[in-house]
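Colleague: The structure that follows is given in the form of structure tokens.
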Amino acid sequence: MKKLLVTLAMLAAGGTAPVAQAAGNIDCELHYNLSGWSVFYKTAEGTGTVTCDNGTRFPVKISAKGGGLTVGRTTITDGRGKFSGAYSVNDLLGSYAAVDAHASASRANDAQVMTKGDISLALAGTGQGWSLGVGFGRFVIERR
């Protein structure tokens, strides 16, 4: 199941990223832990580290807020994200638009792709909890 979700997330990220990356783009990844709950309103908070191919590495604070037809409580540990379309690390910070569909019991899987202008972020992670629903909202990354 996790491999399928990761594959779908990566394919979707490729569809939203620029067709050819221009010179100067940087490759960055996000490693994160996130926990939250939802009952129509969805909220989650966590921390992580952004690491880029240019040697930049910095800690971040993550928050997600939104709504929809959703209910549950989950904790994602050792989640991973891949950014595309960024020219500087400052491009990575800020609010991303997110839409997700989820269903889990006991072991939680999360995979989704979100965008902020030309920047895309594909996330995948596993953890504990249960959830069911379709949600939308904001995923915010800030420096710690």
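By convention in this document, the chains of the structure tokens carry letters A, B, ... by their order, each chain's residues are numbered from 1, and ligands are numbered from 1 in the order they are shown.
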Which of region 10-92 of chain A counts as strand (DSSP E or B) under DSSP, as a compact mmCIF listing (two decimals) with C-alpha atoms, in the first residue's frame please?
Modeller:
```txt
# COMPACT_ATOMS: atom_id res chain seq x y z
CA CYS A 28 15.66 19.54 -1.69
CA GLU A 29 14.03 17.01 0.60
CA LEU A 30 11.96 17.31 3.76
CA HIS A 31 12.22 14.73 6.57
CA TYR A 32 9.40 15.22 9.07
CA ASN A 33 7.24 13.99 11.95
CA LEU A 34 3.62 15.16 12.09
CA SER A 35 0.63 14.40 14.32
CA GLY A 36 -2.93 15.65 14.31
CA TRP A 37 -6.64 15.00 14.43
CA SER A 38 -9.77 15.76 12.43
CA VAL A 39 -13.52 15.96 12.95
CA PHE A 40 -14.65 17.94 9.88
CA TYR A 41 -11.88 20.40 10.82
CA LYS A 42 -8.37 18.99 10.33
CA THR A 43 -5.25 20.17 12.19
CA ALA A 44 -1.73 18.79 12.55
CA GLU A 45 1.63 20.04 13.75
CA GLY A 46 5.17 18.78 13.55
CA THR A 47 8.83 19.43 12.93
CA GLY A 48 11.32 18.48 10.28
CA THR A 49 14.56 19.18 8.49
CA VAL A 50 15.05 20.46 4.94
CA THR A 51 18.20 19.21 3.19
CA CYS A 52 19.29 20.47 -0.25
CA ARG A 57 20.24 22.17 5.84
CA PHE A 58 17.83 23.79 8.32
CA PRO A 59 15.13 22.83 10.84
CA VAL A 60 11.49 23.64 10.12
CA LYS A 61 8.14 23.80 11.88
CA ILE A 62 5.17 22.33 10.01
CA SER A 63 1.46 22.94 10.44
CA ALA A 64 -1.53 21.75 8.48
CA LYS A 65 -5.06 23.09 8.76
CA GLY A 66 -8.14 22.47 6.70
CA GLY A 67 -11.54 20.88 6.54
CA GLY A 68 -13.76 18.50 4.67
CA LEU A 69 -15.58 15.26 5.30
CA THR A 70 -12.91 13.82 7.55
CA VAL A 71 -12.48 12.17 10.97
CA GLY A 72 -9.47 10.59 12.69
CA ARG A 73 -6.24 10.89 14.63
CA THR A 74 -2.82 10.07 13.15
CA THR A 75 0.89 10.39 13.83
CA ILE A 76 3.31 10.23 10.89
CA THR A 77 6.92 9.42 11.79
CA ASP A 78 9.94 9.60 9.49
CA GLY A 79 7.91 11.14 6.68
CA ARG A 80 9.74 12.20 3.55
CA GLY A 81 9.03 14.91 1.03
CA LYS A 82 10.58 15.91 -2.28
CA PHE A 83 10.46 19.51 -3.53
CA SER A 84 10.58 20.45 -7.21
```
Colleague: Tell me, as a PyMOL selection string, which residues lie within 10 Å of Tyr96 (chain A), counting only C-alpha atoms; anything in the same chain fewer than 4 positions away does not count.
Modeller: chain A and resi 64+92+113-117+119-121+137-141
Colleague: Got a sec: who's within 8 Å of Asn54 (chain A), counting only C-alpha atoms, leaving out chain neighbours fewer than 2 positions off, as a PyMOL selection string?
Modeller: chain A and resi 26-27+52+56
Colleague: In Å to one decimal, how far is CA of Gly135 (chain A) from CA of Ala86 (chain A)?
Modeller: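 Separation of CA of Ala86 (chain A) and CA of Gly135 (chain A): 26.0 Å.
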Colleague: Go through region 54-131 of chain A and collect every residue that DSSP, computed from the backbone, puts in helix (DSSP H, G or I); the answer should be as an MDAnalysis selection string.
Modeller: chainID A and resid 89:92
Colleague: Go ahead and write the residues just picked, C-alpha atoms, as a PDB file, in the first residue's frame.
Modeller:
```pdb
ATOM      1  CA  VAL A  89      15.710  27.627  -0.083  1.00  0.00           C
ATOM      2  CA  ASN A  90      13.469  30.625   0.601  1.00  0.00           C
ATOM      3  CA  ASP A  91      11.164  29.338  -2.169  1.00  0.00           C
ATOM      4  CA  LEU A  92      10.451  26.276  -0.002  1.00  0.00           C
TER       5      LEU A  92
END
```
Colleague: In Å to one decimal, how far is CA of Val99 (chain A) from CA of Asn25 (chain A)?
Modeller: 25.5 Å
Colleague: What does the distance from CA of Gly125 (chain A) to CA of Gln112 (chain A) come to in Å, to one decimal?
Modeller: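 Atom-to-atom, CA of Gly125 (chain A) and CA of Gln112 (chain A) are spaced 9.6 Å apart.
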